[in-house]
file start.tsv (TSV, C-alpha atoms)
chain	number	residue	atom	x	y	z
A	3	MET	CA	-2.15	-1.75	-24.61
A	4	PRO	CA	-5.81	-1.48	-25.73
A	5	LEU	CA	-8.45	-2.04	-23.07
A	6	GLU	CA	-9.64	-5.31	-24.61
A	7	LEU	CA	-6.10	-6.71	-24.28
A	8	LEU	CA	-5.72	-5.33	-20.77
A	9	ARG	CA	-8.89	-7.17	-19.74
A	10	ALA	CA	-7.20	-10.41	-20.85
A	11	TYR	CA	-3.71	-9.63	-19.52
A	12	ARG	CA	-2.57	-12.35	-17.12
A	13	PRO	CA	1.23	-12.58	-17.09
A	14	GLU	CA	2.94	-15.72	-15.84
A	15	LEU	CA	4.72	-14.56	-12.73
A	16	PRO	CA	6.21	-17.45	-10.77
A	17	ALA	CA	6.06	-17.06	-6.99
A	18	PRO	CA	9.15	-17.96	-4.96
A	19	ALA	CA	8.88	-21.44	-3.46
A	20	ASP	CA	9.38	-20.02	0.03
A	21	LEU	CA	7.10	-16.98	-0.33
A	22	ASP	CA	4.67	-18.06	2.41
A	23	ALA	CA	7.45	-19.02	4.79
A	24	PHE	CA	9.35	-15.79	4.09
A	25	TRP	CA	6.41	-13.60	5.02
A	26	ALA	CA	5.26	-15.79	7.91
A	27	ASP	CA	8.75	-15.60	9.45
A	28	THR	CA	9.02	-11.86	8.80
A	29	LEU	CA	5.70	-11.10	10.45
A	30	ALA	CA	6.30	-13.45	13.36
A	31	MET	CA	9.64	-11.77	14.06
A	32	SER	CA	8.13	-8.30	14.00
A	33	ARG	CA	5.13	-9.26	16.11
A	34	ALA	CA	7.50	-10.80	18.67
A	35	ALA	CA	9.40	-7.48	18.78
A	36	ALA	CA	6.22	-5.39	19.16
A	37	ARG	CA	5.81	-3.00	22.07
A	38	PRO	CA	2.60	-1.34	23.29
A	39	SER	CA	1.28	1.40	21.02
A	40	ALA	CA	0.60	4.95	22.20
A	41	LEU	CA	-2.38	7.14	21.23
A	42	ARG	CA	-2.19	10.88	21.95
A	43	ALA	CA	-4.96	13.42	21.34
A	44	ILE	CA	-4.05	16.36	19.08
A	45	GLU	CA	-5.45	19.85	19.58
A	46	GLY	CA	-5.90	21.86	16.41
A	47	PRO	CA	-8.25	23.60	14.03
A	48	VAL	CA	-10.12	20.40	13.03
A	49	ARG	CA	-12.77	20.58	15.78
A	50	ALA	CA	-15.59	18.58	14.19
A	51	LEU	CA	-13.47	15.39	14.35
A	52	GLN	CA	-11.16	13.71	16.84
A	53	VAL	CA	-7.50	13.56	15.76
A	54	HIS	CA	-4.92	11.35	17.49
A	55	ASP	CA	-1.23	10.69	16.96
A	56	LEU	CA	-0.58	6.93	16.96
A	57	THR	CA	2.87	5.45	17.57
A	58	PHE	CA	3.21	1.70	17.03
A	59	THR	CA	5.97	-0.76	16.24
A	60	GLY	CA	6.45	-2.12	12.74
A	61	PHE	CA	9.23	-4.13	11.15
A	62	ALA	CA	11.78	-5.38	13.72
A	63	GLY	CA	10.14	-3.28	16.43
A	64	ASP	CA	10.88	0.05	14.69
A	65	GLU	CA	8.62	2.93	15.77
A	66	ILE	CA	6.13	4.04	13.11
A	67	ARG	CA	3.75	7.00	13.22
A	68	ALA	CA	0.16	7.34	12.03
A	69	TRP	CA	-2.77	9.74	12.33
A	70	VAL	CA	-6.12	8.46	13.60
A	71	THR	CA	-9.09	10.67	12.71
A	72	ARG	CA	-12.69	9.83	13.57
A	73	PRO	CA	-16.10	11.34	14.35
A	74	HIS	CA	-16.66	12.46	17.92
A	75	GLY	CA	-18.32	10.01	20.29
A	76	ASP	CA	-17.83	6.44	21.45
A	77	GLU	CA	-19.66	4.63	18.65
A	78	VAL	CA	-17.88	1.54	17.38
A	79	LEU	CA	-17.16	2.25	13.71
A	80	PRO	CA	-15.53	0.53	10.74
A	81	ALA	CA	-12.01	1.69	9.89
A	82	VAL	CA	-10.19	2.65	6.70
A	83	VAL	CA	-6.40	2.30	6.84
A	84	GLU	CA	-4.65	4.41	4.21
A	85	PHE	CA	-1.11	4.12	2.85
A	86	ILE	CA	0.72	6.94	1.08
A	87	GLY	CA	2.13	7.38	-2.42
A	88	TYR	CA	5.82	7.40	-3.30
A	89	GLY	CA	7.86	10.11	-1.61
A	90	GLY	CA	5.06	11.20	0.71
A	91	GLY	CA	4.41	10.92	4.42
A	92	ARG	CA	1.35	11.11	6.63
A	93	GLY	CA	1.26	14.92	6.42
A	94	LEU	CA	0.00	17.27	9.12
A	95	PRO	CA	-2.74	16.41	11.66
A	96	GLY	CA	-6.16	16.94	10.13
A	97	GLU	CA	-4.77	17.14	6.59
A	98	ARG	CA	-6.73	14.06	5.43
A	99	ILE	CA	-10.27	14.04	6.81
A	100	ASN	CA	-12.50	12.71	4.02
A	101	TRP	CA	-12.95	9.19	5.36
A	102	ALA	CA	-13.63	10.42	8.90
A	103	ALA	CA	-16.13	12.92	7.51
A	104	ALA	CA	-17.86	9.97	5.84
A	105	GLY	CA	-18.26	8.29	9.24
A	106	TYR	CA	-15.24	5.97	9.36
A	107	VAL	CA	-12.25	5.74	11.66
A	108	HIS	CA	-9.47	6.85	9.32
A	109	VAL	CA	-5.88	5.77	9.99
A	110	VAL	CA	-3.12	7.07	7.72
A	111	MET	CA	0.31	5.49	8.09
A	112	ASP	CA	3.55	7.40	7.81
A	113	THR	CA	6.00	5.92	5.28
A	114	ARG	CA	9.37	5.04	6.77
A	115	GLY	CA	12.26	6.90	5.19
A	116	GLN	CA	10.03	9.00	2.90
A	117	GLY	CA	7.88	12.08	3.46
A	118	SER	CA	10.11	14.76	1.95
A	119	VAL	CA	8.95	15.02	-1.67
A	120	TRP	CA	5.33	16.20	-1.66
A	121	SER	CA	4.02	15.65	1.89
A	122	LEU	CA	5.55	15.61	5.34
A	123	GLY	CA	6.77	12.48	7.13
A	124	ASP	CA	8.00	11.79	10.67
A	125	THR	CA	9.31	8.22	10.51
A	126	PRO	CA	12.93	7.30	9.74
A	127	ASP	CA	14.10	4.04	8.21
A	128	PRO	CA	16.99	3.05	10.50
A	129	HIS	CA	18.17	0.16	8.31
A	130	GLY	CA	21.10	0.62	5.97
A	131	SER	CA	21.56	-0.48	2.37
A	132	ALA	CA	24.30	-1.51	0.01
A	133	ALA	CA	24.90	0.58	-3.13
A	134	ALA	CA	21.56	1.91	-4.39
A	135	HIS	CA	20.08	4.32	-6.91
A	136	PRO	CA	18.61	7.53	-5.39
A	137	GLY	CA	15.12	6.84	-4.04
A	138	VAL	CA	13.98	3.71	-2.16
A	139	MET	CA	13.27	1.29	-5.01
A	140	THR	CA	16.76	-0.26	-4.95
A	141	ARG	CA	17.53	-0.12	-1.22
A	142	GLY	CA	18.62	-3.65	-0.31
A	143	ILE	CA	17.40	-4.96	-3.67
A	144	LEU	CA	19.91	-7.80	-3.93
A	145	SER	CA	18.21	-9.72	-1.12
A	146	PRO	CA	14.54	-10.10	-0.13
A	147	GLU	CA	15.63	-10.04	3.51
A	148	ASP	CA	17.22	-6.61	3.09
A	149	TYR	CA	14.77	-5.05	0.64
A	150	TYR	CA	13.07	-1.80	1.61
A	151	TYR	CA	9.56	-3.01	0.79
A	152	ARG	CA	9.88	-5.96	3.15
A	153	ARG	CA	10.04	-3.38	5.91
A	154	LEU	CA	7.28	-1.12	4.58
A	155	PHE	CA	4.85	-3.98	3.95
A	156	THR	CA	5.51	-5.35	7.44
A	157	ASP	CA	4.73	-1.91	8.90
A	158	ALA	CA	1.42	-2.01	7.02
A	159	VAL	CA	0.43	-5.42	8.39
A	160	ARG	CA	1.44	-4.42	11.90
A	161	LEU	CA	-0.74	-1.32	11.61
A	162	VAL	CA	-3.72	-3.49	10.71
A	163	ASP	CA	-2.95	-5.51	13.87
A	164	GLU	CA	-2.98	-2.32	15.94
A	165	VAL	CA	-6.10	-0.83	14.36
A	166	ARG	CA	-8.08	-3.96	15.21
A	167	ALA	CA	-7.33	-3.26	18.88
A	168	LEU	CA	-8.08	0.48	18.86
A	169	PRO	CA	-10.99	1.60	21.03
A	170	GLY	CA	-14.08	2.39	18.98
A	171	VAL	CA	-13.05	0.26	15.97
A	172	ASP	CA	-15.07	-2.68	14.68
A	173	ALA	CA	-12.32	-5.26	14.16
A	174	ASP	CA	-14.47	-7.14	11.64
A	175	ARG	CA	-14.85	-4.11	9.34
A	176	ILE	CA	-11.37	-2.88	8.41
A	177	ALA	CA	-10.56	-1.75	4.88
A	178	VAL	CA	-7.17	-0.82	3.41
A	179	THR	CA	-6.63	1.73	0.65
A	180	GLY	CA	-4.10	4.02	-0.98
A	181	GLY	CA	-2.96	5.41	-4.29
A	182	SER	CA	0.13	4.44	-6.29
A	183	GLN	CA	2.69	3.14	-3.75
A	184	GLY	CA	-0.13	3.32	-1.21
A	185	GLY	CA	-2.23	1.10	-3.47
A	186	GLY	CA	0.56	-1.44	-3.78
A	187	THR	CA	1.00	-1.37	-0.02
A	188	ALA	CA	-2.76	-1.88	0.45
A	189	ILE	CA	-2.57	-4.98	-1.77
A	190	ALA	CA	0.29	-6.32	0.35
A	191	ALA	CA	-1.48	-5.53	3.62
A	192	ALA	CA	-4.63	-7.33	2.47
A	193	ALA	CA	-2.65	-10.29	1.16
A	194	LEU	CA	-0.55	-10.70	4.29
A	195	SER	CA	-3.15	-9.90	6.98
A	196	GLY	CA	-5.52	-12.74	6.15
A	197	ASP	CA	-9.05	-12.33	7.49
A	198	ALA	CA	-8.10	-9.15	9.39
A	199	VAL	CA	-8.75	-7.09	6.24
A	200	ALA	CA	-12.39	-7.09	5.13
A	201	ALA	CA	-12.01	-4.96	1.97
A	202	VAL	CA	-9.20	-3.57	-0.19
A	203	LEU	CA	-9.44	-0.43	-2.35
A	204	PRO	CA	-6.20	0.25	-4.30
A	205	ASP	CA	-6.06	3.20	-6.70
A	206	VAL	CA	-3.62	3.04	-9.64
A	207	PRO	CA	-1.52	0.61	-7.56
A	208	PHE	CA	2.25	0.68	-7.98
A	209	LEU	CA	4.69	-2.22	-7.33
A	210	CYS	CA	2.94	-4.75	-9.57
A	211	ASP	CA	4.19	-6.89	-12.48
A	212	PHE	CA	7.83	-5.87	-12.00
A	213	PRO	CA	9.37	-7.84	-14.90
A	214	ASN	CA	7.23	-5.96	-17.42
A	215	ALA	CA	7.14	-2.62	-15.60
A	216	ILE	CA	10.90	-2.10	-15.29
A	217	VAL	CA	11.47	-2.53	-19.03
A	218	ARG	CA	8.40	-0.65	-20.33
A	219	THR	CA	7.53	2.15	-17.89
A	220	PRO	CA	8.89	5.50	-19.16
A	221	SER	CA	8.62	7.45	-15.91
A	222	ALA	CA	10.04	7.18	-12.40
A	223	PRO	CA	10.09	5.49	-9.97
A	224	PHE	CA	10.16	2.10	-11.77
A	225	THR	CA	13.07	3.57	-13.74
A	226	GLU	CA	15.16	3.63	-10.55
A	227	ILE	CA	15.46	-0.14	-10.96
A	228	THR	CA	16.15	0.13	-14.69
A	229	ARG	CA	18.99	2.60	-14.09
A	230	TYR	CA	20.38	0.46	-11.28
A	231	LEU	CA	20.53	-2.54	-13.61
A	232	ALA	CA	22.15	-0.41	-16.30
A	233	VAL	CA	25.11	-0.11	-13.90
A	234	HIS	CA	24.84	-3.45	-12.06
A	235	ARG	CA	24.70	-5.41	-15.31
A	236	ASP	CA	25.21	-8.84	-13.76
A	237	GLU	CA	22.59	-8.57	-11.02
A	238	ALA	CA	19.31	-8.89	-12.98
A	239	ASP	CA	18.52	-12.40	-11.72
A	240	ARG	CA	19.06	-11.45	-8.08
A	241	VAL	CA	17.02	-8.27	-8.47
A	242	LEU	CA	14.09	-10.03	-10.13
A	243	ARG	CA	14.16	-12.72	-7.44
A	244	THR	CA	13.94	-10.08	-4.69
A	245	LEU	CA	11.09	-8.25	-6.46
A	246	SER	CA	9.06	-11.45	-6.73
A	247	TYR	CA	8.61	-11.44	-2.94
A	248	VAL	CA	6.85	-8.05	-3.00
A	249	ASP	CA	5.16	-8.04	-6.41
A	250	GLY	CA	1.50	-7.08	-5.99
A	251	ALA	CA	0.52	-9.24	-8.95
A	252	ILE	CA	1.85	-12.25	-7.03
A	253	LEU	CA	0.70	-11.29	-3.53
A	254	ALA	CA	-2.83	-10.52	-4.78
A	255	ARG	CA	-3.38	-14.26	-5.27
A	256	ARG	CA	-3.78	-14.45	-1.49
A	257	ILE	CA	-6.59	-11.86	-1.32
A	258	THR	CA	-10.12	-13.21	-0.86
A	259	ALA	CA	-11.70	-10.02	0.55
A	260	PRO	CA	-13.90	-7.80	-1.61
A	261	ALA	CA	-11.79	-5.51	-3.79
A	262	LEU	CA	-12.34	-2.27	-5.70
A	263	PHE	CA	-9.43	-1.25	-7.94
A	264	SER	CA	-8.99	1.77	-10.19
A	265	VAL	CA	-6.80	2.19	-13.27
A	266	ALA	CA	-5.97	5.12	-15.56
A	267	LEU	CA	-5.25	4.21	-19.17
A	268	MET	CA	-2.93	7.18	-19.85
A	269	ASP	CA	-0.79	6.48	-16.79
A	270	ASP	CA	2.95	6.53	-17.59
A	271	VAL	CA	4.03	6.07	-13.95
A	272	VAL	CA	2.06	2.90	-13.22
A	273	LEU	CA	1.29	1.10	-16.46
A	274	PRO	CA	-2.34	-0.09	-16.74
A	275	SER	CA	-1.04	-3.58	-17.50
A	276	GLY	CA	0.43	-3.84	-13.99
A	277	VAL	CA	-2.87	-2.84	-12.39
A	278	PHE	CA	-4.77	-5.40	-14.45
A	279	ALA	CA	-2.15	-8.06	-13.66
A	280	ALA	CA	-2.80	-7.59	-9.94
A	281	PHE	CA	-6.56	-7.32	-10.37
A	282	HIS	CA	-6.75	-10.55	-12.37
A	283	ALA	CA	-4.63	-12.33	-9.73
A	284	LEU	CA	-7.22	-11.75	-6.98
A	285	ALA	CA	-8.84	-14.78	-5.37
A	286	SER	CA	-11.87	-12.67	-4.40
A	287	ASP	CA	-15.39	-13.46	-5.59
A	288	ASP	CA	-16.31	-9.77	-5.25
A	289	ALA	CA	-13.91	-7.67	-7.33
A	290	GLU	CA	-14.48	-4.59	-9.48
A	291	ILE	CA	-12.20	-2.21	-11.37
A	292	GLU	CA	-13.01	1.38	-12.32
A	293	VAL	CA	-11.39	2.42	-15.60
A	294	TYR	CA	-10.47	6.06	-16.36
A	295	PRO	CA	-9.63	6.12	-20.10
A	296	TYR	CA	-8.40	9.73	-20.33
A	297	ASN	CA	-6.50	10.13	-17.05
A	298	GLY	CA	-2.87	9.74	-16.13
A	299	HIS	CA	-1.43	8.85	-12.73
A	300	GLU	CA	-3.90	11.13	-10.96
A	301	GLY	CA	-6.51	8.48	-11.72
A	302	GLY	CA	-10.11	9.18	-10.78
A	303	GLY	CA	-9.35	11.71	-8.04
A	304	HIS	CA	-12.26	12.73	-5.82
A	305	ARG	CA	-14.74	11.06	-8.17
A	306	GLN	CA	-13.11	7.72	-7.40
A	307	TRP	CA	-13.31	8.43	-3.66
A	308	ILE	CA	-17.05	9.02	-3.97
A	309	THR	CA	-17.31	5.65	-5.73
A	310	GLN	CA	-15.24	4.03	-2.98
A	311	VAL	CA	-17.49	5.35	-0.21
A	312	ALA	CA	-20.65	4.01	-1.85
A	313	TRP	CA	-18.98	0.67	-2.58
A	314	LEU	CA	-17.58	0.29	0.97
A	315	ASP	CA	-20.83	1.42	2.61
A	316	ALA	CA	-22.60	-1.40	0.76
A	317	ARG	CA	-20.10	-4.04	1.93
A	318	PHE	CA	-19.95	-2.78	5.50
A	319	GLY	CA	-23.71	-2.35	5.88
A	320	ARG	CA	-23.75	1.44	6.30

call {"tool": "encode", "arguments": {"input": "start.tsv", "output": "structure tokens"}}
result
Amino acid sequence: MPLELLRAYRPELPAPADLDAFWADTLAMSRAAARPSALRAIEGPVRALQVHDLTFTGFAGDEIRAWVTRPHGDEVLPAVVEFIGYGGGRGLPGERINWAAAGYVHVVMDTRGQGSVWSLGDTPDPHGSAAAHPGVMTRGILSPEDYYYRRLFTDAVRLVDEVRALPGVDADRIAVTGGSQGGGTAIAAAALSGDAVAAVLPDVPFLCDFPNAIVRTPSAPFTEITRYLAVHRDEADRVLRTLSYVDGAILARRITAPALFSVALMDDVVLPSGVFAAFHALASDDAEIEVYPYNGHEGGGHRQWITQVAWLDARFGR
């Protein structure tokens, strides 16, 4: 789709009538099941920064892991919460230090049931699933209550809850970010956390505009759903209903915080149309999108991170 059409792309995506109640009930249940978090210092080769292992409770009280990396000292700092792309986990301690090196408290969440494709994970997903295509895209997909991304998005919101209470974090200056699946999760965390998220920075965000993406995207992992429906021929209505509860282009309507998106026009994993669909759905008065015309799913890479730091510094008064 040419850029001039992408800038006008606003698909009609009806939200489920009970969307607000569904997420309010889900989050209330998981917050009621929450147990105290644990923060443990990690010794290692990253000596110029503090690294901690955080264990907190996410969906249904399940234990979730995260790394917390920050500059030394007791200064109260803004925080950046990062979510990870498809198949990845939080990695090794000290593996992601850019945001902490820029002067932020950086919290990177492990991804339940993933972390064995391109980076290491430590968090299982203890919930079962009916018949599913390999991967996580179709786990529990016949019901929003059972769907995998209900659990992952709840973990993300619960992490924002926990980060607000961490020592040395300014609870009024918390941003969420991530690339691909991490970007879609950042959209969900911002949409479902209300005023707790002060800025959202999704890069080439996945999990947006499902009805279009599953019929047009040539590359995995959207194709997991396409292949599932090629076998489960009579389940399209149920699948699309479930996906409407987690679609970033629907959830983004709830975001009023400042937002900086990025999109790559040669992306065949996350179609640019899905990114623009979510971007145009924002309710924010302060929203920008960086466009990379000649890049694929790698997006803007480190150049985009440099842009993010300058943009976030301006909003957080640094």

call {"tool": "closest_atom_pairs", "arguments": {"input": "start.tsv", "of": "stretch 181-275 of chain A", "to": "stretch 150-165 of chain A", "cutoff": "9 Å", "atoms": "all atoms listed in the file", "output": "JSON lines"}}
result
{"residue": "A:Thr187", "atom": "CA", "partner": "A:Phe155", "partner_atom": "CA", "distance": 6.1}
{"residue": "A:Ala188", "atom": "CA", "partner": "A:Ala158", "partner_atom": "CA", "distance": 7.8}
{"residue": "A:Ala190", "atom": "CA", "partner": "A:Phe155", "partner_atom": "CA", "distance": 6.3}
{"residue": "A:Ala191", "atom": "CA", "partner": "A:Val159", "partner_atom": "CA", "distance": 5.1}
{"residue": "A:Ala192", "atom": "CA", "partner": "A:Val159", "partner_atom": "CA", "distance": 8.0}
{"residue": "A:Leu194", "atom": "CA", "partner": "A:Val159", "partner_atom": "CA", "distance": 6.8}
{"residue": "A:Ser195", "atom": "CA", "partner": "A:Val159", "partner_atom": "CA", "distance": 5.9}
{"residue": "A:Ala198", "atom": "CA", "partner": "A:Val162", "partner_atom": "CA", "distance": 7.3}
{"residue": "A:Val199", "atom": "CA", "partner": "A:Val162", "partner_atom": "CA", "distance": 7.6}
{"residue": "A:Tyr247", "atom": "CA", "partner": "A:Arg152", "partner_atom": "CA", "distance": 8.3}
{"residue": "A:Val248", "atom": "CA", "partner": "A:Tyr151", "partner_atom": "CA", "distance": 6.9}

call {"tool": "residues_around", "arguments": {"input": "start.tsv", "residues": "A:Met31", "least_positions_apart": "4", "cutoff": "9 Å", "atoms": "all atoms listed in the file", "output": "list in words"}}
result
Ala26, Asp27, Ala35, Ala36, Phe61, Ala62 and Gly63 of chain A

call {"tool": "atom_distance", "arguments": {"input": "start.tsv", "atom1": "atom CA of A:Arg240", "atom2": "atom CA of A:Arg218"}}
result
19.5 Å

call {"tool": "atom_distance", "arguments": {"input": "start.tsv", "atom1": "atom CA of A:Trp101", "atom2": "atom CA of A:Phe58"}}
result
21.3 Å

call {"tool": "closest_residue", "arguments": {"input": "start.tsv", "among": "A:Ala201, A:Val206, A:Leu122, A:Leu51", "to": "A:Pro274", "atoms": "all atoms listed in the file"}}
result
A:Val206

call {"tool": "closest_atom_pairs", "arguments": {"input": "start.tsv", "of": "stretch 166-272 of chain A", "to": "stretch 125-144 of chain A", "cutoff": "7 Å", "atoms": "only C-alpha atoms", "output": "tab-separated table"}}
result
residue	atom	partner	partner_atom	distance
A:Glu226	CA	A:His135	CA	6.2
A:Ile227	CA	A:Thr140	CA	6.2
A:Tyr230	CA	A:His135	CA	5.8
A:Arg240	CA	A:Leu144	CA	5.6
A:Val241	CA	A:Leu144	CA	5.4
A:Thr244	CA	A:Ile143	CA	6.3

call {"tool": "closest_residue", "arguments": {"input": "start.tsv", "among": "A:Phe24, A:Phe212, A:Tyr11, A:Phe85", "to": "A:Glu147", "atoms": "all atoms listed in the file"}}
result
A:Phe24

call {"tool": "residues_around", "arguments": {"input": "start.tsv", "residues": "A:Trp307", "least_positions_apart": "5", "cutoff": "10 Å", "atoms": "all atoms listed in the file", "output": "PyMOL selection string"}}
result
chain A and resi 100-101+203+205+302+312-313

call {"tool": "closest_residue", "arguments": {"input": "start.tsv", "among": "A:Gly105, A:Pro4, A:Pro16, A:Gly181", "to": "A:Tyr88", "atoms": "only C-alpha atoms"}}
result
A:Gly181
